[in-house]
$ cat protein-v3.cif   # mmCIF, C-alpha atoms
data_work
loop_
_atom_site.label_atom_id
_atom_site.label_comp_id
_atom_site.auth_asym_id
_atom_site.auth_seq_id
_atom_site.Cartn_x
_atom_site.Cartn_y
_atom_site.Cartn_z
CA MET R 9 7.13 16.33 -81.70
CA GLY R 10 10.75 17.31 -82.23
CA ARG R 11 13.73 15.36 -81.01
CA GLU R 12 14.06 17.53 -77.90
CA GLY R 13 10.40 17.09 -76.99
CA HIS R 14 10.60 13.37 -77.58
CA GLY R 15 13.65 13.14 -75.33
CA VAL R 16 11.86 15.01 -72.53
CA SER R 17 8.83 12.74 -72.75
CA THR R 18 11.04 9.66 -72.74
CA THR R 19 12.85 10.87 -69.61
CA ILE R 20 9.59 11.60 -67.81
CA ASP R 21 8.00 8.32 -68.87
CA LYS R 22 11.01 6.45 -67.53
CA ALA R 23 10.92 8.42 -64.26
CA PHE R 24 7.17 7.82 -63.91
CA GLU R 25 7.71 4.09 -63.73
CA ALA R 26 8.65 4.76 -60.11
CA LEU R 27 5.11 6.01 -59.40
CA TYR R 28 3.87 2.44 -59.59
CA ALA R 29 6.80 0.80 -57.80
CA SER R 30 6.56 -0.22 -54.16
CA ASP R 31 10.05 0.85 -53.09
CA ASP R 32 11.45 4.31 -52.41
CA GLY R 33 14.72 3.38 -54.08
CA SER R 34 13.00 3.59 -57.46
CA LEU R 35 11.70 7.03 -56.51
CA ASP R 36 15.23 8.24 -55.66
CA THR R 37 16.53 7.01 -59.01
CA ALA R 38 13.66 8.73 -60.84
CA ALA R 39 14.26 11.99 -58.95
CA SER R 40 17.92 11.91 -59.91
CA LEU R 41 16.92 11.43 -63.55
CA LEU R 42 14.60 14.45 -63.49
CA ALA R 43 16.98 16.61 -61.49
CA ALA R 44 19.68 16.11 -64.11
CA ASP R 45 17.47 17.44 -66.91
CA PRO R 46 16.02 20.98 -66.38
CA GLY R 47 14.26 20.61 -69.73
CA THR R 48 11.71 18.30 -68.11
CA ASP R 49 10.27 20.92 -65.75
CA ALA R 50 7.49 22.32 -67.97
CA GLU R 51 6.33 18.89 -69.14
CA LEU R 52 6.46 17.60 -65.57
CA ALA R 53 4.09 20.37 -64.47
CA ARG R 54 1.78 19.70 -67.42
CA ARG R 55 1.62 16.02 -66.51
CA GLY R 56 0.67 17.01 -62.96
CA GLU R 57 -2.23 19.06 -64.26
CA GLU R 58 -3.35 16.05 -66.28
CA PHE R 59 -3.32 13.89 -63.15
CA VAL R 60 -5.48 16.48 -61.38
CA ARG R 61 -7.87 16.75 -64.34
CA THR R 62 -8.26 12.98 -64.40
CA LEU R 63 -9.13 12.97 -60.71
CA TRP R 64 -11.96 15.49 -61.27
CA ALA R 65 -13.51 12.92 -63.63
CA ARG R 66 -12.96 10.24 -60.97
CA GLY R 67 -15.07 12.07 -58.38
CA TRP R 68 -12.41 14.03 -56.47
CA GLN R 69 -12.63 17.74 -55.65
CA PRO R 70 -9.93 20.31 -54.71
CA ALA R 71 -10.45 20.04 -50.95
CA ASP R 72 -10.23 16.24 -51.17
CA LEU R 73 -6.81 16.31 -52.86
CA VAL R 74 -5.45 18.83 -50.38
CA ARG R 75 -6.76 16.75 -47.49
CA MET R 76 -5.00 13.62 -48.77
CA ALA R 77 -1.72 15.47 -49.36
CA ARG R 78 -1.83 16.99 -45.88
CA ARG R 79 -2.62 13.66 -44.26
CA ASP R 80 -0.09 11.48 -46.06
CA LEU R 81 2.69 13.88 -47.08
CA SER R 82 4.04 17.29 -46.02
CA ASP R 83 3.40 21.02 -46.29
CA GLU R 84 5.56 21.17 -49.41
CA HIS R 85 3.33 18.62 -51.10
CA VAL R 86 0.24 20.59 -50.05
CA ARG R 87 1.71 23.73 -51.63
CA LEU R 88 2.52 21.82 -54.81
CA VAL R 89 -0.92 20.26 -55.22
CA SER R 90 -2.49 23.66 -54.47
CA ASP R 91 -0.49 25.21 -57.31
CA LEU R 92 -1.52 22.42 -59.68
CA ILE R 93 -5.19 22.85 -58.76
CA ARG R 94 -5.10 26.62 -59.27
CA THR R 95 -3.40 26.27 -62.65
CA GLU R 96 -5.68 23.49 -63.88
CA THR R 97 -8.93 25.19 -62.85
CA ALA R 98 -7.94 28.62 -64.17
CA GLY R 99 -8.82 27.60 -67.71
CA TYR R 100 -12.55 27.05 -67.11
CA GLY R 101 -15.11 29.77 -67.73
CA ARG R 102 -17.12 28.76 -64.66
CA LEU R 103 -16.58 26.22 -61.92
CA PRO R 104 -19.16 24.00 -60.22
CA HIS R 105 -20.95 25.32 -57.16
CA ARG R 106 -18.73 25.21 -54.02
CA TRP R 107 -15.51 24.73 -56.01
CA GLN R 108 -14.49 28.37 -55.89
CA ALA R 109 -14.62 28.39 -52.09
CA GLN R 110 -12.36 25.32 -52.03
CA ILE R 111 -9.89 27.00 -54.39
CA ASP R 112 -9.94 30.23 -52.38
CA ALA R 113 -8.93 28.17 -49.32
CA LEU R 114 -5.86 26.67 -51.01
CA ASP R 115 -2.41 27.22 -49.53
CA ASP R 116 -0.83 30.22 -51.26
CA THR R 117 2.48 30.17 -49.38
CA ALA R 118 5.45 30.40 -51.72
CA ALA R 119 7.47 27.21 -52.07
CA ARG R 120 10.76 27.18 -50.17
CA PRO R 121 13.91 27.28 -52.29
CA THR R 122 15.43 23.85 -52.59
CA ASP R 123 17.78 21.82 -54.76
CA ARG R 124 16.57 20.12 -57.91
CA PHE R 125 16.75 16.61 -56.47
CA SER R 126 14.59 17.53 -53.45
CA ARG R 127 12.10 19.32 -55.67
CA ALA R 128 11.87 16.33 -58.04
CA THR R 129 11.39 14.00 -55.08
CA THR R 130 8.50 16.14 -53.78
CA VAL R 131 6.87 16.14 -57.22
CA LEU R 132 7.17 12.39 -57.63
CA GLU R 133 5.89 11.67 -54.12
CA LEU R 134 2.82 13.78 -54.81
CA TYR R 135 2.21 12.26 -58.23
CA ARG R 136 2.54 8.77 -56.75
CA LEU R 137 -0.22 9.66 -54.29
CA LEU R 138 -2.43 11.09 -57.05
CA VAL R 139 -2.17 8.15 -59.43
CA ARG R 140 -3.06 5.71 -56.67
CA LEU R 141 -6.27 7.43 -55.57
CA PRO R 142 -9.35 5.32 -56.36
CA ARG R 143 -12.53 6.42 -58.06
CA LEU R 144 -15.12 8.08 -55.80
CA ASP R 145 -18.84 8.52 -56.30
CA ALA R 146 -19.32 11.98 -57.78
CA VAL R 147 -21.12 14.52 -55.59
CA GLY R 148 -21.72 17.06 -58.33
CA PRO R 149 -20.62 18.16 -61.81
CA VAL R 150 -16.95 18.51 -62.73
CA PRO R 151 -15.20 21.39 -64.53
CA GLY R 152 -15.95 21.36 -68.22
CA GLU R 153 -19.42 19.86 -67.89
CA THR R 154 -22.58 21.83 -68.56
CA LEU R 155 -23.48 23.58 -65.32
CA PRO R 156 -26.85 24.85 -64.07
CA PRO R 157 -27.36 28.64 -64.15
CA ALA R 158 -25.28 30.43 -61.53
CA ALA R 159 -27.21 31.73 -58.54
CA ALA R 160 -27.15 35.49 -58.05
CA GLY R 161 -25.33 35.74 -54.75
CA GLU R 162 -25.83 33.74 -51.57
CA PRO R 163 -29.41 33.08 -50.40
CA ARG R 164 -30.45 35.59 -47.75
CA MET R 165 -31.25 32.85 -45.25
CA LEU R 166 -27.75 31.37 -45.60
CA THR R 167 -26.18 34.79 -45.13
CA ARG R 168 -28.15 35.28 -41.92
CA ILE R 169 -27.14 31.86 -40.58
CA ARG R 170 -23.51 32.51 -41.43
CA ALA R 171 -23.57 35.87 -39.60
CA LEU R 172 -25.27 34.44 -36.52
CA LEU R 173 -22.82 31.58 -36.20
CA ALA R 174 -19.81 33.84 -36.75
CA LYS R 175 -20.99 36.01 -33.88
CA ALA R 176 -21.60 32.94 -31.71
CA GLU R 177 -18.02 31.80 -32.27
CA ALA R 178 -16.55 35.24 -31.63
CA THR R 179 -18.38 36.31 -28.49
CA GLY R 180 -16.81 35.82 -25.09
CA TYR R 181 -20.21 35.60 -23.40
CA PRO R 182 -21.73 32.09 -23.25
CA GLU R 183 -25.30 33.40 -22.94
CA GLU R 184 -24.94 35.43 -26.14
CA ALA R 185 -23.43 32.46 -27.98
CA GLU R 186 -26.37 30.32 -26.84
CA ALA R 187 -28.93 32.76 -28.18
CA LEU R 188 -27.13 33.24 -31.50
CA THR R 189 -26.67 29.51 -32.10
CA ALA R 190 -30.27 28.84 -31.13
CA LYS R 191 -31.51 31.42 -33.62
CA ALA R 192 -29.36 29.89 -36.37
CA GLN R 193 -30.83 26.41 -35.75
CA GLU R 194 -34.35 27.83 -35.75
CA LEU R 195 -33.69 29.49 -39.11
CA MET R 196 -32.41 26.22 -40.53
CA ALA R 197 -35.39 24.22 -39.33
CA ARG R 198 -37.91 26.75 -40.59
CA HIS R 199 -36.16 27.12 -43.92
CA SER R 200 -36.33 23.36 -44.43
CA LEU R 201 -40.03 23.54 -43.62
CA ASP R 202 -40.47 26.32 -46.19
CA GLU R 203 -38.78 24.15 -48.81
CA ALA R 204 -41.15 21.29 -47.99
CA THR R 205 -44.07 23.69 -48.34
CA LEU R 206 -42.94 24.69 -51.81
CA ALA R 207 -42.39 21.07 -52.80
CA ALA R 208 -45.86 20.11 -51.56
CA GLY R 209 -47.51 22.95 -53.48
CA ALA R 210 -45.62 22.58 -56.75
CA PRO R 211 -43.61 19.36 -57.03
CA THR R 212 -40.33 19.76 -58.92
CA PRO R 213 -37.91 17.26 -60.44
CA GLU R 214 -35.26 18.24 -57.87
CA THR R 215 -33.44 15.26 -56.42
CA PRO R 216 -31.11 15.07 -53.41
CA GLY R 217 -27.50 16.08 -53.93
CA ALA R 218 -24.40 15.64 -51.79
CA ILE R 219 -21.33 17.43 -50.45
CA ARG R 220 -18.16 16.24 -48.76
CA ILE R 221 -17.11 17.73 -45.43
CA GLY R 222 -13.68 17.13 -43.94
CA VAL R 223 -13.62 15.03 -40.75
CA GLU R 224 -10.00 14.77 -39.76
CA PRO R 225 -7.92 13.70 -36.76
CA PRO R 226 -7.70 14.09 -33.88
CA TYR R 227 -10.92 12.64 -32.42
CA GLU R 228 -12.41 12.10 -35.87
CA GLN R 229 -14.98 9.59 -34.63
CA ALA R 230 -16.52 12.15 -32.29
CA LYS R 231 -16.49 14.73 -35.09
CA ALA R 232 -18.17 12.29 -37.48
CA ILE R 233 -20.85 11.60 -34.87
CA LEU R 234 -21.44 15.32 -34.41
CA LEU R 235 -21.77 15.84 -38.18
CA ASP R 236 -24.16 12.90 -38.41
CA ALA R 237 -26.29 14.45 -35.66
CA VAL R 238 -26.43 17.83 -37.41
CA ALA R 239 -27.21 16.20 -40.76
CA THR R 240 -29.94 13.91 -39.43
CA ALA R 241 -31.68 16.70 -37.55
CA ASN R 242 -31.80 18.72 -40.76
CA HIS R 243 -33.24 16.02 -43.02
CA CYS R 244 -29.89 14.87 -44.44
CA ARG R 245 -27.75 11.76 -44.06
CA ALA R 246 -24.01 11.60 -43.39
CA VAL R 247 -21.71 8.71 -44.30
CA TRP R 248 -18.18 8.80 -42.85
CA SER R 249 -15.25 7.66 -44.99
CA GLU R 250 -12.52 7.28 -42.40
CA THR R 251 -9.91 6.29 -44.99
CA TYR R 252 -10.18 9.59 -46.83
CA GLY R 253 -10.92 11.90 -43.91
CA PHE R 254 -14.37 13.14 -44.92
CA SER R 255 -18.07 12.49 -44.53
CA THR R 256 -20.46 12.68 -47.47
CA VAL R 257 -23.67 14.52 -46.54
CA VAL R 258 -26.65 13.66 -48.75
CA GLY R 259 -29.69 15.93 -48.83
CA PHE R 260 -31.67 18.46 -50.79
CA GLU R 261 -29.61 21.42 -51.96
CA ALA R 262 -31.23 23.95 -49.64
CA ASP R 263 -30.18 21.92 -46.57
CA LEU R 264 -26.57 21.07 -47.45
CA ASP R 265 -24.78 24.39 -46.92
CA PRO R 266 -26.62 25.13 -43.63
CA VAL R 267 -25.60 21.68 -42.31
CA GLU R 268 -21.95 22.40 -43.07
CA LEU R 269 -22.16 25.84 -41.45
CA LEU R 270 -23.79 24.58 -38.26
CA TYR R 271 -21.45 21.59 -37.94
CA THR R 272 -18.37 23.78 -38.38
CA SER R 273 -19.63 26.31 -35.84
CA LEU R 274 -20.59 23.70 -33.25
CA LEU R 275 -17.19 22.07 -33.65
CA VAL R 276 -15.47 25.41 -33.08
CA GLN R 277 -17.63 26.14 -30.05
CA GLY R 278 -17.18 22.62 -28.68
CA THR R 279 -13.40 22.76 -29.06
CA ALA R 280 -13.32 26.10 -27.25
CA ALA R 281 -15.47 24.68 -24.44
CA MET R 282 -13.20 21.64 -24.22
CA THR R 283 -10.15 23.90 -23.86
CA ARG R 284 -11.81 25.82 -21.04
CA ALA R 285 -12.82 22.59 -19.28
CA GLU R 286 -9.27 21.27 -19.54
CA ALA R 287 -7.95 24.48 -18.03
CA GLU R 288 -10.29 24.00 -15.07
CA GLN R 289 -9.11 20.42 -14.70
CA ARG R 290 -5.45 21.44 -14.73
CA ALA R 291 -6.15 24.18 -12.20
CA GLY R 292 -7.51 21.43 -9.96
CA GLY R 293 -4.30 19.46 -10.31
CA ARG R 294 -5.37 17.00 -13.01
CA LYS R 295 -3.15 16.43 -16.04
CA ARG R 296 -4.40 16.98 -19.58
CA THR R 297 -5.35 13.61 -21.08
CA LYS R 298 -6.39 12.30 -24.46
CA SER R 299 -9.22 10.27 -22.91
CA PHE R 300 -10.66 13.45 -21.35
CA ARG R 301 -10.79 15.17 -24.77
CA GLN R 302 -12.23 12.12 -26.53
CA SER R 303 -14.94 11.65 -23.91
CA PHE R 304 -15.72 15.36 -23.92
CA LEU R 305 -16.31 15.50 -27.68
CA LEU R 306 -18.26 12.22 -27.74
CA ALA R 307 -20.59 13.44 -25.00
CA TYR R 308 -20.89 16.82 -26.72
CA ALA R 309 -21.89 15.15 -30.01
CA ASN R 310 -24.25 12.68 -28.33
CA ARG R 311 -26.14 15.27 -26.31
CA LEU R 312 -26.31 17.78 -29.15
CA GLY R 313 -27.71 15.10 -31.43
CA ALA R 314 -30.66 14.58 -29.09
CA ARG R 315 -31.28 18.30 -28.76
CA LEU R 316 -31.04 19.00 -32.48
CA ALA R 317 -33.49 16.19 -33.23
CA ALA R 318 -35.92 17.57 -30.63
CA THR R 319 -35.74 21.02 -32.20
CA SER R 320 -36.40 19.59 -35.65
CA ARG R 321 -39.44 17.66 -34.40
CA ARG R 322 -40.81 20.70 -32.59
CA VAL R 323 -40.62 22.93 -35.63
CA ALA R 324 -42.14 20.25 -37.89
CA ALA R 325 -45.01 19.77 -35.42
CA GLU R 326 -46.01 23.40 -35.96
CA ALA R 327 -47.15 22.44 -39.48
CA PRO R 328 -48.65 18.94 -39.22
CA THR R 329 -50.11 19.11 -42.73
CA LEU R 330 -46.56 19.15 -44.10
CA LEU R 331 -45.47 15.95 -42.38
CA PRO R 332 -46.20 13.81 -45.48
CA ALA R 333 -44.09 16.17 -47.64
CA LEU R 334 -41.24 16.06 -45.13
CA ALA R 335 -41.47 12.27 -44.96
CA SER R 336 -41.36 12.05 -48.75
CA ARG R 337 -38.23 14.19 -48.91
CA GLU R 338 -36.54 12.09 -46.22
CA VAL R 339 -37.35 8.90 -48.14
CA ALA R 340 -35.77 10.45 -51.24
CA VAL R 341 -32.63 11.32 -49.24
CA THR R 342 -32.40 7.81 -47.79
CA THR R 343 -32.85 6.26 -51.23
CA ARG R 344 -30.11 8.45 -52.71
CA THR R 345 -27.79 7.62 -49.80
CA ASP R 346 -28.34 3.90 -50.37
CA GLU R 347 -27.56 4.36 -54.07
CA LEU R 348 -24.27 6.13 -53.32
CA PHE R 349 -23.29 3.84 -50.44
CA PRO R 350 -24.84 0.39 -50.85
CA GLU R 351 -22.38 -1.20 -48.43
CA THR R 352 -22.19 1.01 -45.34
CA ARG R 353 -21.44 -0.51 -41.95
CA THR R 354 -21.65 0.59 -38.35
CA THR R 355 -18.34 1.36 -36.64
CA ARG R 356 -17.76 0.89 -32.93
CA VAL R 357 -16.47 3.96 -31.11
CA ARG R 358 -12.79 3.54 -30.29
CA ALA R 359 -12.17 5.79 -27.33
CA ALA R 360 -11.00 5.48 -23.74
CA TRP R 361 -13.78 6.71 -21.43
CA ASP R 362 -13.22 9.54 -19.00
CA GLU R 363 -16.10 10.40 -16.65
CA ALA R 364 -15.04 14.01 -16.11
CA GLY R 365 -14.62 14.54 -19.83
CA TRP R 366 -18.05 13.07 -20.57
CA THR R 367 -19.72 15.21 -17.90
CA HIS R 368 -18.10 18.41 -19.12
CA GLY R 369 -18.92 17.57 -22.75
CA ALA R 370 -22.59 16.94 -21.98
CA SER R 371 -22.76 20.22 -20.06
CA ALA R 372 -21.18 22.10 -22.96
CA ALA R 373 -23.79 20.63 -25.32
CA ASP R 374 -26.55 21.74 -22.98
CA ARG R 375 -25.15 25.26 -23.03
CA ALA R 376 -25.33 25.33 -26.83
CA GLY R 377 -28.83 26.75 -26.25
CA LEU R 378 -30.64 25.37 -29.29
CA HIS R 379 -34.13 26.10 -27.94
CA PRO R 380 -34.85 29.86 -27.70
CA ASN R 381 -36.85 31.04 -24.70
CA ARG R 382 -36.71 27.60 -23.09
CA PRO R 383 -34.74 26.53 -20.01
CA HIS R 384 -31.59 24.48 -20.36
CA LEU R 385 -31.90 20.75 -20.20
CA PRO R 386 -31.09 19.25 -16.81
#

$ encode --input "protein-v3.cif" --output "structure tokens"
Amino acid sequence: MGREGHGVSTTIDKAFEALYASDDGSLDTAASLLAADPGTDAELARRGEEFVRTLWARGWQPADLVRMARRDLSDEHVRLVSDLIRTETAGYGRLPHRWQAQIDALDDTAARPTDRFSRATTVLELYRLLVRLPRLDAVGPVPGETLPPAAAGEPRMLTRIRALLAKAEATGYPEEAEALTAKAQELMARHSLDEATLAAGAPTPETPGAIRIGVEPPYEQAKAILLDAVATANHCRAVWSETYGFSTVVGFEADLDPVELLYTSLLVQGTAAMTRAEAEQRAGGRKRTKSFRQSFLLAYANRLGARLAATSRRVAAEAPTLLPALASREVAVTTRTDELFPETRTTRVRAAWDEAGWTHGASAADRAGLHPNRPHLP
């Protein structure tokens, strides 16, 4: 390394001491140091890519880093970490399954022009966050590792579920949304049964995998409960990590993407129903309240959980000879969950109760129409 390169590294190393300090004064001093030396820019970006690469090996994925930056910092930090992720992952021939979708969802808004000190401060604040993130249990391979053969397109069943749920979210007619959502749940349940049939006929070495799904404020407890209900009804398990704003869903590969799709769709539909119920309340002279929304979503998640579980049991009962295979797969999922999370604990729901919100939420869950050709629950 030449004298110039050595000087740049020395400047950055000195500035990076602030990443491990507890006071913002050190960060201001470090930002001033970097702002005064334009020659540090390229090396500063390279160091950021190294931080990101290290986090892949520590169990983090693109969506996780963006979620942490959005929660703890600002839009500028989100744009910066998005740029680092895109640059770092561009050098791999192929990315792990689900990573490309996370990268496609990154913020691509151009950074706002700013002075060098402000830019350096943003960089250091982000890097301080990155270096302090702990190791997570990996939920799949990381870039650079040997990957299984790429699947040729999306499975037909998943494409059908995606289309049904998209239509359910878009329609303005509740009855149509009910029928579309019901059909999607039936497809999921029957597909899981098909997978159990295959496993019973020709056992394979496949073991349960896992994905992370964002569960963020507001009302994250109700959202986590809803995701847990969807996961459990579809032979998966969900463990909520409140600190990091996600739940880890453990299950066999064929069940994981459908769980995420159904959860996301039900959350969209539930939020829309909550907005309509609030409008009715305001029209009646009642003010919009946080307790109403919390109670609505908790009731929605609670009632949907019961209905999803009933649907799963009904479909499974149509093939009683497969019950041992289904039970075996559920034991494998539970075992894998215990391996990943040996110290889980139950969390009490922290929410003010609102009777009107609970009633409207339960009614909205009933209208989700998860049982085709059957009357609504009372």

$ resolve_selection --input "protein-v3.cif" --expression "the PyMOL selection byres ((chain R and resi 68) around 12)" --output "mmCIF file with C-alpha atoms, in the coordinates of the input"
data_model
loop_
_atom_site.group_PDB
_atom_site.id
_atom_site.type_symbol
_atom_site.label_atom_id
_atom_site.label_comp_id
_atom_site.auth_asym_id
_atom_site.auth_seq_id
_atom_site.Cartn_x
_atom_site.Cartn_y
_atom_site.Cartn_z
ATOM 1 C CA PHE R 59 -3.320 13.890 -63.150
ATOM 2 C CA VAL R 60 -5.480 16.480 -61.380
ATOM 3 C CA ARG R 61 -7.870 16.750 -64.340
ATOM 4 C CA THR R 62 -8.260 12.980 -64.400
ATOM 5 C CA LEU R 63 -9.130 12.970 -60.710
ATOM 6 C CA TRP R 64 -11.960 15.490 -61.270
ATOM 7 C CA ALA R 65 -13.510 12.920 -63.630
ATOM 8 C CA ARG R 66 -12.960 10.240 -60.970
ATOM 9 C CA GLY R 67 -15.070 12.070 -58.380
ATOM 10 C CA GLN R 69 -12.630 17.740 -55.650
ATOM 11 C CA PRO R 70 -9.930 20.310 -54.710
ATOM 12 C CA ALA R 71 -10.450 20.040 -50.950
ATOM 13 C CA ASP R 72 -10.230 16.240 -51.170
ATOM 14 C CA LEU R 73 -6.810 16.310 -52.860
ATOM 15 C CA VAL R 74 -5.450 18.830 -50.380
ATOM 16 C CA ARG R 75 -6.760 16.750 -47.490
ATOM 17 C CA MET R 76 -5.000 13.620 -48.770
ATOM 18 C CA ILE R 93 -5.190 22.850 -58.760
ATOM 19 C CA TRP R 107 -15.510 24.730 -56.010
ATOM 20 C CA LEU R 138 -2.430 11.090 -57.050
ATOM 21 C CA LEU R 141 -6.270 7.430 -55.570
ATOM 22 C CA PRO R 142 -9.350 5.320 -56.360
ATOM 23 C CA ARG R 143 -12.530 6.420 -58.060
ATOM 24 C CA LEU R 144 -15.120 8.080 -55.800
ATOM 25 C CA ASP R 145 -18.840 8.520 -56.300
ATOM 26 C CA ALA R 146 -19.320 11.980 -57.780
ATOM 27 C CA VAL R 147 -21.120 14.520 -55.590
ATOM 28 C CA GLY R 148 -21.720 17.060 -58.330
ATOM 29 C CA PRO R 149 -20.620 18.160 -61.810
ATOM 30 C CA VAL R 150 -16.950 18.510 -62.730
ATOM 31 C CA PRO R 151 -15.200 21.390 -64.530
ATOM 32 C CA ILE R 219 -21.330 17.430 -50.450
ATOM 33 C CA ARG R 220 -18.160 16.240 -48.760
ATOM 34 C CA TYR R 252 -10.180 9.590 -46.830
ATOM 35 C CA PHE R 254 -14.370 13.140 -44.920
#

$ closest_residue --input "protein-v3.cif" --among "R:Gly56, R:Pro46, R:Pro163, R:Gly152" --to "Glu133 in chain R" --atoms "only C-alpha atoms"
R:Gly56

$ residues_near_point --input "protein-v3.cif" --point "(-19.1, 13.5, -38.9)" --cutoff "9 Å" --atoms "all atoms listed in the file" --output "ChimeraX atom specification"
/R:221-223,228-239,246-248,254-257,271

$ closest_residue --input "protein-v3.cif" --among "R:Ala98, R:Leu305, R:Leu92, R:Ala333" --to "Glu58 in chain R" --atoms "all atoms listed in the file"
R:Leu92

$ closest_residue --input "protein-v3.cif" --among "R:Arg127, R:Arg315, R:His243, R:Arg164" --to "Arg337 in chain R" --atoms "all atoms listed in the file"
R:His243

$ atom_distance --input "protein-v3.cif" --atom1 "CA of Ala325 in chain R" --atom2 "CA of Ala340 in chain R"
20.6 Å

$ residues_near_point --input "protein-v3.cif" --point "(-21.7, 35.5, -42.7)" --cutoff "12 Å" --atoms "all atoms listed in the file" --output "list in words"
Glu162, Pro163, Arg164, Met165, Leu166, Thr167, Arg168, Ile169, Arg170, Ala171, Leu172, Leu173, Ala174, Lys175, Ala176, Glu177, Ala192, Pro266, Leu269, Leu270 and Ser273 of chain R

$ atom_distance --input "protein-v3.cif" --atom1 "CA of Gln302 in chain R" --atom2 "CA of Pro226 in chain R"
8.9 Å

$ closest_residue --input "protein-v3.cif" --among "R:Glu214, R:Val89, R:Ile111, R:Gly278" --to "Arg311 in chain R" --atoms "all atoms listed in the file"
R:Gly278

$ atom_distance --input "protein-v3.cif" --atom1 "CA of Glu224 in chain R" --atom2 "CA of Ser303 in chain R"
16.9 Å

$ closest_residue --input "protein-v3.cif" --among "R:Ala44, R:Leu52, R:Cys244, R:Val323" --to "Asp21 in chain R" --atoms "all atoms listed in the file"
R:Leu52
